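Participant: One structure, as structure tokens, below. Some questions next.
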Amino acid sequence: MSGGALRILQVGPGTTVQDGGRRGYLRYGVTAAGPMDPFALATANLALGRPRDAAVIEVSLSGLEVEAVGCGLTLAICGGAFDIRLGSTRLPSAVVLRLEPGTRLSIRASEIGAWAYVAVAGRIDLPAVLGSLSTHTRSGLGGLAGRGLVAGDSVPVVEADDSAVGLMAIHAPWLAQNAASIRVVLGPQDDYFAPEQIQAFLTQGWTLSSRSDRMAYGLTGVPLVHAKGHDIVSDGIAHGAIQIPGSGLPFVLMADRQPTGGYPKIATIISADLGRMAQLQAGAIVHFEVVPVADAVAARRRIEDGLAAKIALIPLIRTAFPSELLLGLNLISGVVDGQEPG
Amino acid sequence: MGAPVRFLDSGDTALVVEFGAAIDQAVNERVLALDAALSAADIPGVVELTPTFRSLMIHYDPLRIDRAALVARTLELQSQTTVAARALRRWTIPCCYDLPHGEDLAEVASRLNLSPDQVVDLHSKAVFRVYMYGFAPGFAYLGGLPEALAIPRRAQPRPPHPVNAVLMAGGMSLIGTVAMPTGWWVIGRTPERMYAPGRVPEFLVSVGDEIRFDAVDAESFDRLEARAAAGETLARAEAL
């Protein structure tokens with residue numbers, strides 16, 4: 001066991017420290033925060049034998065370059081199909097690696113996926129605020145001084161695992177991105193919309209707007225019309241709730257959503273599809289499909305069964321990878337295993 | 001027991017128990033009574049509860065408790081719940097309405113056709129009730145604003161209010177614990193730390209508690225603020 005740090009060499013906006021989220025304070029107006037893609041955060045941690053909700057670095061589309069300081073660090077990275085380079089070697093995008101001091105690790109977005117998760121074999125040593133390390137930048141809570149990471153920051157790591165490990169690909173078919181519809185349960189305020197408006201919501205392809213961040217993903221398309229106005233007296237907001245404000249254009253409420261809000265929510269994305277929704281990039285076309293709650297629970301159970309088994313790690317004995325192996329999600333779901341969740 | 005509740009799904013991990021559609025003290029009392037009963041029951045699989053003006057959101061783990069069982073248990077608890085079962089407190093909290101703290105007081109008074117002193121008098125004599133927290137950490141929404149003080153929100157948000165601003169708009173008052181741009185009007189500020197990470201309790205008042213503001217001048221505000229910063233709790237609570 002030793003202590004060191006991940007020093008941030010380069011980073012764009014939106015990269016933060018996140019754990020499983022801040023629990024128990026929604027009733028005081030405190031946003032839960034936590035991962036945009038909860039299953040990718042869990043996979044990265046479990047690949048290292050860490051608690052599934054342990055703190056990690058959540059990397060945004062704008063990318064991250066880090067080095068290890070003080071000691072070597074074993075890391076697991078997964079989530080979107082990011083372009084990962086250890087020194088000059090390009091690696092699969094779901095991978096366990098050893099980062100020794102003096103080597104630069106670069107994690108950059110590619111065409112698929114919007115968030116990558118960097119878990120550490122060790123513990124990110126930052127103070128918990130209201131029981132959590134999750135960063136909520138709007139209220140300045142958690143993470144490193146309540147803000148996103150900037151170049152020059154050091155993220156301290158204690159209890160770091162000293163054992164050397166070889167490169168390994170992470171086998172996690174539940175993280176595969178695919179073009180399937182995003183599944184929703186109607187409500188809680190679907191009665192604020194006439195049946196033909198609900199049909200319009202379900203039949204059109206919505207375009208993910210560039211006005212999207214950890215709080216909400218904006219969608220553009222043919223605006224929906226409210227039957228009973230667009231103001232409701234505030235009620236609770238679940239992760240994945242799709243609210244329709246006065247503009248008639250949906251906002252999908254994501255990890256940094258407020259605990260309560262005053263616009264009608266036509267539908268809510270099922271928990272099994274929250275990661276797939278989060279991993280979409282601006283410009284993506286989204287179709288929604290209604291499923292019963294029982295189907296939503298069954299889909300969630302399939303993912304949890306995958307996470308409950310030991311995460312399969314595939315040793316990588318090569319030091320150079322053909323292109324079809326580099327998109328880790330192809331490696332994982334296309335080449336090794338054709339199964340996809342739900 | 002009042003009108004029957006509605007159960008509304010918000011996906012597969014949240015269930016809304018809706019008691020009404022409007023801001024109403026009787027409705028809010030029912031929400032808080034069920035909130036207290038569910039909290040005390042500590043049902044495995046119930047992750048977190050979010051009480052609002054008129055509904056209770058139950059966040060749950062569908063792999064630990066299924067929806068039908070959750071609804072059944074909730075209905076059972078609700079039928080046994082009496083509204084007055086909670087321990088409530090009335091807080092007296094210092095508030096400075098003078099400049100530099102009551103930034104918008106003069107404009108509010110002019111829009112309401114009152115003098116600034118009348119606004120202060122009405123606000124500091126009112127007994128408010130904490131209906132819910134929302135928007136940002138520690139933002140307490142207070143019902144009980146006298147009708148003479150009902151002022152609509154601003155057409156455009158104003159620059160961020162200071163920490164612990166006392167605000168008014170839309171027939172309510174609000175304590176804004178984190179600096180935020182707002183469509184509400186800043187009529188005063190409390191030196192009390194309504195929200196202090198690391199303190200026990202982190203949030204001073206509970207939903208359902210009553211609040212009265214005690215007007216203090218700017219000089220007293222500075223003194224009180226220094227005492228609060230040193231860790232003292234300024235607000236006084238009495239059991240109701």
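Letters for chains follow the order of the structure tokens (A, B, ...), residue numbers begin at 1 for each chain, and ligand numbers begin at 1 in the order shown.
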Could you please write out, as a PyMOL selection string, every residue of range 33-189 of chain A that DSSP assigns to strand (DSSP E)?
Facilitator: chain A and resi 56-59+64-69+73-79+83-86+89-91+95-99+105-108+116-120+123-124+154-160+168-171+182-186
Participant: Could you give me the residues within range 56-217 of chain A that DSSP places in helix (DSSP H, G or I), as a list in words?
Facilitator: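 Matching residues for helix (DSSP H, G or I) in range 56-217 of chain A are Pro173, Trp174, Leu175, Asp190, Asp191, Tyr192, Pro195, Glu196, Gln197, Ile198, Gln199, Ala200, Phe201, Leu202 and Thr203 of chain A.
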Participant: Would you give me, as a ChimeraX atom specification, the residues of chain A that come within 7 Å of chain B, using only C-alpha atoms?
Facilitator: /A:24,26-30,129-130,139,184-185,187-188,233-236,238,241,258-260,268-271,293,296-297
Participant: Measure the distance from CA of Ile8 in chain A to CA of Ser212 in chain A in Å and round it to one decimal.
Facilitator: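 For CA of Ile8 in chain A relative to CA of Ser212 in chain A, the distance reads 24.4 Å.
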Participant: Report as JSON, numbers by chain all protein, DNA and RNA residues lying within 9 Å of His226 in chain A, evaluated on only C-alpha atoms, omitting residues in the same chain fewer than 3 positions from it.
Facilitator: {"A": [192, 193, 194, 197, 229, 230, 244, 246, 248, 264]}
Participant: So which residues touch Gly45 in chain B within 6 Å, counting only C-alpha atoms, skipping near sequence neighbours fewer than 6 positions away, as a PyMOL selection string?
Facilitator: chain B and resi 60-61+64-65
Participant: Which value, in Å to one decimal, gives the distance between CA of Asn28 in chain B and CA of Pro94 in chain B?
Facilitator: 25.9 Å
Participant: Could you name the residues that touch Arg193 in chain B at 10 Å or less, counting only C-alpha atoms, but leaving out those on the same chain fewer than 4 positions away, as a ChimeraX atom specification?
Facilitator: /B:138,163-164,177,197,199,202-204,225,228-229,231-235
Participant: Write the residues of the selection above to a file with C-alpha atoms, as an mmCIF file, in the first residue's frame.
Facilitator:
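Resulting contents of result-v9.cif:
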data_model
loop_
_atom_site.group_PDB
_atom_site.id
_atom_site.type_symbol
_atom_site.label_atom_id
_atom_site.label_comp_id
_atom_site.auth_asym_id
_atom_site.auth_seq_id
_atom_site.Cartn_x
_atom_site.Cartn_y
_atom_site.Cartn_z
ATOM 1 C CA GLY B 138 -31.002 24.438 2.200
ATOM 2 C CA VAL B 163 -25.830 33.693 1.004
ATOM 3 C CA ASN B 164 -28.755 33.417 3.466
ATOM 4 C CA THR B 177 -28.639 29.596 1.489
ATOM 5 C CA PRO B 197 -21.828 21.374 6.101
ATOM 6 C CA ARG B 199 -22.421 20.882 11.644
ATOM 7 C CA GLU B 202 -26.386 20.325 8.792
ATOM 8 C CA PHE B 203 -29.806 21.827 8.043
ATOM 9 C CA LEU B 204 -31.225 23.803 10.928
ATOM 10 C CA GLU B 225 -22.883 36.997 11.845
ATOM 11 C CA ALA B 228 -22.607 32.424 13.863
ATOM 12 C CA ALA B 229 -19.276 32.108 12.061
ATOM 13 C CA GLY B 231 -20.190 28.213 15.605
ATOM 14 C CA GLU B 232 -23.031 29.645 17.672
ATOM 15 C CA THR B 233 -26.626 28.866 16.745
ATOM 16 C CA LEU B 234 -28.518 32.166 16.797
ATOM 17 C CA ALA B 235 -31.991 30.861 16.110
#
Participant: Have a look at CA of Thr135 in chain A and CA of Gly152 in chain A and let me know their distance in Å, one decimal.
Facilitator: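 One can read the CA of Thr135 in chain A to CA of Gly152 in chain A distance as 17.9 Å.
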Participant: Could you check which of B:Ser173, B:Ser79, B:Ser39, B:Thr74 is closest to Arg129 in chain B, using only C-alpha atoms?
Facilitator: B:Ser173
Participant: Nearest residue to Arg98 in chain A out of A:Ala176, A:Ala272, A:Leu46, A:Ile77, using only C-alpha atoms?
Facilitator: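 Nearest candidate to Arg98 in chain A out of A:Ala176, A:Ala272, A:Leu46, A:Ile77: A:Ile77.
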